Amino acid sequence: MDTAARAKRLEMEGGWTLPEEIVEDILSRLPVRSLRRFRCVSRAWDALITSPAFEDLHSDRSRHHRRLFLKPTCQNVFYAWKLGGPAETIMDNWRLPQGKIFPITKSCHGIVLLRCLDYDLHYVWNPSANQLLALPDRRPARVAWAGGRTHMIYGMGYCSTAKQYKIVRMYNFDRDLGLHDTVCEVYTLDESTHWRPAATQPHSCQLRVNGRQGAVLCNGNLHFVHTHGLDLLTVFNIHAETFSTMVLPAETRSYSPDFMLTELGGFLCVYHAKRRDHPEFADPYDIWLQRDYEAGQWERLQCINWGSMGEAEIAPLKSSWIAPLDMYYDHGAQKKKILFGTSACKVFVVDPDTGVPEVVFSPEDTIMGDQGNWDSEFPTIGLFEERLASVGRTNEEIIFTSPWARAASSVLMYLPARTVGRLNQVQSPGGFHQRDTPDVPPLVDEGSRVVYSKPCNGLNAGSWAKYDFVCNPLTKYYRAINLGNGKNAASCSSDIQRTPSVALGYAPNIGMHVLVSLAYKEKNRTSRDYKLECKIQLIERRHWVKIDPPSRPMADAPPVYASGKLYWIVDPEFGPTSACSEIIMLYLNTLEFHVLAGPPCGKYYISITELQGEVCVTCSRPSTNTIEIWDMDGNGMWSMRRCIELASFFPEYSSKNTTLLAVNPNDGRILLSTGRSLGYYASKTVELETIYHLDSSIQGKKFVPVLAMDSLVQPCDAVV
C-alpha cells in the first residue's frame with residue numbers, strides 16, 4: 001500500500017496514533033498551561049497528566065528551564081520573563097488584592113508564598129498554572145482575646161516522603177498572657193482545614209519580624225532569624241517537625257540588623273540588605289554561602305565592587321531592595337555567575353571574579369513599561385519553575401468531599417441552622433471560639449449608633465460605634481471589615497466621611513455576597529459640592545476594588561438590599577436640587593448605579609426599608625404621629641400601601657423613634673421597634689401588641705433587634 005493510501009486509511013479510522021510512551025515524552029516537554037488545556041482532550045490524557053509519575057517526569061525536564069516572575073511596584077500585575085525572551089502577563093490585577101503584594105519565599109517545587117501587606121493576608125500561588133489560594137490566616141484562636149497585634153513569620157516547605165506542601169508560621173507572645181513565648185503552627189495544603197500545632201514546639205526565643213521576607217527553606221529545613229542574638233537561627237525540619245539551632249558566621253554581626261537570609265544555588269546564604277540612601281552604598285556587596293551545611297562552614301564571596309564603578313554605572317542599579325536570586329554556571333565559559341534583582345524590576349548578572357554587574361533585563365523595553373522613580377523596599381522579582389503542582393482545595397472542598405461529610409450532610413440538612421451551628425463546635429478545633437466580652441453588650445447607650453442590616457442570603461452586615469462587620473447570628477460566623485489601606489473604620493483618617501454602614505448585597509449572576517462602601521472625600525454644605533468614593537468587595541475575595549460612584553450623594557441613613565439591588569436615600573443637602581426625594585439604586589449584576597424618583601411625600605423625614613422582599617420608603621409625620629409606607633410598582637409609580645397610626649400609643653411609640661422590622665407572613669402585622677419596646681401593629685384594627693419592653697428602671701439604654709435567616713452560610717476564601 002502506498003503512502004497516500006495508508007494516510008487516507010488512517011484518517012478514515014480516526015487519525016494518526018502514536019505509541020503511549022512517545023505521547024508521554026512529548027507532553028512532558030510542554031508548559032503547564034498547555035497541559036492543563038490538554039487534560040480536556042480525553043480521559044486517557046487527563047489520567048496521564050494528573051498521574052504522580054508524569055508530574056515527576058515533567059518536573060525533572062523543567063527543572064533547568066526556570067523563569068522570573070516580576071511584580072512592578074506601581075502595577076498590580078505579575079509578569080514572567082526568561083533570558084532572551086519577551087515579558088508576558090501571567091496574572092491580571094482583577095485576581096489580586098489591591099495594595100502591596102509580594103513574594104516572601106522562593107519557589108518551592110513550583111509554589112510561591114505571597115503576602116498582601118494592606119490586608120495582612122497570605123496566598124499560595126503556582127505561577128505556571130496561574131492558581132491562587134488564600135490561606136486561612138487571621139489571628140490564632142488562642143490569642144483572639146489578647147490585646148495588641150501578634151506578629152507572625154511564615155515559611156513554606158515540601159515533604160518529599162509524604163509529598164505534602166506545609167505552610168509554617170511562628171509567633172511570639174508576652175509571657176504575662178500565660179501563653180507560650182514562641183508557638184509554631186502548620187497548615188498542610190490540600191489536607192488541613194485549620195492551623196494545627198507542630199509536632200514539637202520551639203524553645204523560647206524572640207523572633208525577628210521582617211515583613212519583606214519569610215523563613216528561608218534550605219536542605220529540607222526552614223530557618224528563622226532571632227532578634228536577640230542575631231547570629232542565631234531557629235531551624236525547623238519540615239519532615240519531622242523538630243527544632244534545632246544554627247550559628248551564623250561571626251562576621252555577619254556587623255551587618256546587624258540589615259542582613260537578610262536566602263537560599264542560593266542550594267546553599268544557605270546571608271547578604272547585607274542596604275537601602276539606596278545608605279551612606280556606605282559604595283562598600284563591596286558581600287554574600288556568605290554555607291558550603292558545608294552539616295559542619296556549618298561558611299564562605300565569603302565579594303559579589304559587587306561598587307567602588308570600582310562610576311556613579312553613572314551605579315545610579316541605575318541603586319534600589320531599596322537588591323537581592324541575589326540565583327547562582328548558576330555560564331555554559332559557555334564554565335564560570336559561576338550570580339543573578340540579582342532590584343525593586344525597579346531590573347535584573348543583572350555578576351561574575352564574582354570581576355564584581356562588575358551586567359544588566360540583562362530592564363522593563364523599559366517590554367510591555368511592563370518604564371517604572372520611572374518608583375522604588376520599594378519589598379521584593380518584586382522571583383524565580384519559578386514549571387510545575388504541575390496544585391495549590392490545593394479550599395476548606396469547604398476538603399470537608400464536603402470526604403465520605404463522612406457526604407453521609408452526615410444527608411442527616412444535617414434536615415436540622416435547623418442553629419442546631420447545626422452548635423454541632424459545628426463538637427469536633428473541629430478550628431471552629432468558632434465563643435467568648436464573653438463587654439464590647440458586645442445586650443444593651444447599648446441610647447445615644448449609640450448601632451446598625452444591623454436585614455438578612456441577605458444568610459448574612460447580616462452591621463456597624464457599631466466605628467466598626468463594621470459581617471456575621472451569621474445563628475452559626476456565630478463573624479468577620480470584621482477592613483476598609484482598605486490596612487485600616488478599619490475606627491482608624492480611617494478624618495478626611496474620609498463614611499456612610500452609616502457598609503452595604504451588604506448578593507449578586508445572583510455570580511452567586512456571591514458583595515460589600516459596597518460609599519465615603520465622602522469632600523463635603524461643603526454651603527456650596528453643596530461633594531466628592532464621593534465607591535469601593536466594592538466580593539466577600540470571599542477580601543479585597544476592595546474602586547468603581548465609579550453614583551451621580552447623586554447618599555444620605556445619612558442605612559442602605560437596603562432587595563432582589564439583587566442595593567438602595568440608598570439621596571441627601572438633598574448636596575449636589576443639584578430636586579423637586580422630590582430621590583433614591584440611588586445599584587444593580588449588583590452589572591455594578592451600575594441609577595437614580596430613581598422617590599414618592600411624593602417630602603424629602604426630609606423619609607427612610608428606606610425592605611418588607612416582604614420589596615423596597616419601601618417610609619415617611620414619618622411627626623405632626624400626626626404617623627408613618628406612611630410607600631412602595632413602587634413595575635412602572636416606577638409610587639403608591640401608599642398603608643399608614644401606621646401611633647397617636648394612641650404615644651409616648652411609648654412615636655413616628656420619630658419607631659423602626660419597621662418585618663411583616664408577619666401569617667396575619668400581615670408589622671413588627672415595630674423603638675429600642676425600648678418591641679410590638680406587632682395591625683393596620684386593619686389599629687391595634688399594637690407589645691411583646692417585649694425594657695423595665696422603666698432601666699434608663700439611658702436600648703436594645704438592638706436583629707432579624708436572622710435560618711442559614712448555614714459561612715463564606716470561605718476562594719481559589720481564583
# chains A, B, ... in the order shown; residues from 1 in each chain; ligands from 1

$ select_by_dssp --residues "region 78-238 of chain A" --states "helix (DSSP H, G or I)" --output "compact mmCIF listing (two decimals) with C-alpha atoms, in the first residue's frame"
# COMPACT_ATOMS: atom_id res chain seq x y z
CA ASN A 93 -4.90 42.72 38.63
CA TRP A 94 -8.53 41.61 38.97
CA ARG A 95 -7.30 38.41 40.61
CA ALA A 141 -7.74 31.44 68.08
CA ARG A 142 -5.73 31.09 71.27
CA VAL A 143 -4.89 34.80 71.28
CA ARG A 175 4.63 35.73 78.96
CA ASP A 176 2.21 37.76 81.11
CA LEU A 177 -0.63 36.41 78.97

$ residues_around --residues "region 184-200 of chain A" --least-positions-apart "4" --cutoff "6 Å" --atoms "only C-alpha atoms" --output "list in words"
Tyr165, Lys166, Ile167, Val168, Arg169, Met170, Glu241, Thr242, Gly392, Arg393, Asn395 and Gly430 of chain A

$ residues_around --residues "region 607-622 of chain A" --least-positions-apart "3" --cutoff "7 Å" --atoms "only C-alpha atoms" --output "ChimeraX atom specification"
/A:557,560,562-563,569,601,625-631,655-656,662-663

$ atom_distance --atom1 "CA of Ala519 (chain A)" --atom2 "CA of Tyr119 (chain A)"
19.3 Å

$ residues_around --residues "Tyr530 (chain A)" --least-positions-apart "3" --cutoff "8 Å" --atoms "only C-alpha atoms" --output "list of chain:residue names"
A:Tyr520, A:Lys521, A:Glu522, A:Lys523, A:Asn524, A:Pro553, A:Phe574, A:Gly575

$ write_last_selection --atoms "N, CA and C atoms" --output "mmCIF file, in the first residue's frame"
data_model
loop_
_atom_site.group_PDB
_atom_site.id
_atom_site.type_symbol
_atom_site.label_atom_id
_atom_site.label_comp_id
_atom_site.auth_asym_id
_atom_site.auth_seq_id
_atom_site.Cartn_x
_atom_site.Cartn_y
_atom_site.Cartn_z
ATOM 1 N N TYR A 520 -17.555 59.937 51.626
ATOM 2 C CA TYR A 520 -17.313 61.293 51.152
ATOM 3 C C TYR A 520 -15.842 61.645 51.343
ATOM 4 N N LYS A 521 -15.190 62.050 50.264
ATOM 5 C CA LYS A 521 -13.838 62.595 50.361
ATOM 6 C C LYS A 521 -13.892 64.088 50.677
ATOM 7 N N GLU A 522 -14.950 64.756 50.183
ATOM 8 C CA GLU A 522 -15.128 66.187 50.436
ATOM 9 C C GLU A 522 -16.617 66.471 50.587
ATOM 10 N N LYS A 523 -16.948 67.438 51.472
ATOM 11 C CA LYS A 523 -18.328 67.893 51.635
ATOM 12 C C LYS A 523 -18.309 69.374 51.991
ATOM 13 N N ASN A 524 -19.121 70.159 51.276
ATOM 14 C CA ASN A 524 -19.244 71.580 51.569
ATOM 15 C C ASN A 524 -20.720 71.936 51.529
ATOM 16 N N PRO A 553 -25.441 62.205 45.828
ATOM 17 C CA PRO A 553 -24.877 61.895 47.152
ATOM 18 C C PRO A 553 -25.854 61.082 47.994
ATOM 19 N N PHE A 574 -26.912 68.239 49.274
ATOM 20 C CA PHE A 574 -25.724 68.348 48.426
ATOM 21 C C PHE A 574 -26.092 68.078 46.973
ATOM 22 N N GLY A 575 -25.245 68.604 46.078
ATOM 23 C CA GLY A 575 -25.481 68.395 44.663
ATOM 24 C C GLY A 575 -26.635 69.224 44.142
#

$ select_by_dssp --residues "region 126-359 of chain A" --states "strand (DSSP E or B)" --output "ChimeraX atom specification"
/A:126,131-134,152-159,164-172,182-188,196-197,207,216-218,221-226,232-237,243-247,259-264,267-272,285-292,297-304,322-330,335-342,347-350,357-359

$ residues_around --residues "Lys71 (chain A)" --least-positions-apart "2" --cutoff "8 Å" --atoms "only C-alpha atoms" --output "MDAnalysis selection string"
chainID A and resid 69 73 75:79 102 345 380:381

$ residues_around --residues "region 61-64 of chain A" --least-positions-apart "5" --cutoff "10 Å" --atoms "only C-alpha atoms" --output "list in words"
Ser28, Arg29, Leu30, Pro31, Val32, Asp56, His109, Gly110, Phe384, Glu385, Glu386 and Arg387 of chain A

$ atom_distance --atom1 "CA of Gly307 (chain A)" --atom2 "CA of Met260 (chain A)"
22.0 Å

$ closest_residue --among "A:Val570, A:Met709, A:Cys643, A:Asn666" --to "Ser683 (chain A)" --atoms "only C-alpha atoms"
A:Cys643

$ closest_residue --among "A:Pro559, A:Pro651, A:Gly679, A:Gly458" --to "His513 (chain A)" --atoms "only C-alpha atoms"
A:Gly458

$ residues_around --residues "Tyr681 (chain A)" --least-positions-apart "6" --cutoff "12 Å" --atoms "only C-alpha atoms" --output "list in words"
Ile627, Arg642, Cys643, Ile644, Glu645, Leu646, Ser648, Phe649, Tyr653, Thr658, Thr659, Leu660, Leu661, Ala662, Val663, Asn664, Asp667, Gly668, Arg669, Ile670, Leu671, Leu672, Ser673, Glu687, Leu688, Glu689, Thr690 and Ile691 of chain A

$ atom_distance --atom1 "CA of Gly369 (chain A)" --atom2 "CA of Gln131 (chain A)"
25.3 Å

$ closest_residue --among "A:Leu383, A:Leu232, A:Leu504, A:Leu114" --to "Leu133 (chain A)" --atoms "only C-alpha atoms"
A:Leu114

$ closest_residue --among "A:Gly675, A:Gly220, A:Pro136, A:Pro508" --to "Glu540 (chain A)" --atoms "only C-alpha atoms"
A:Pro136
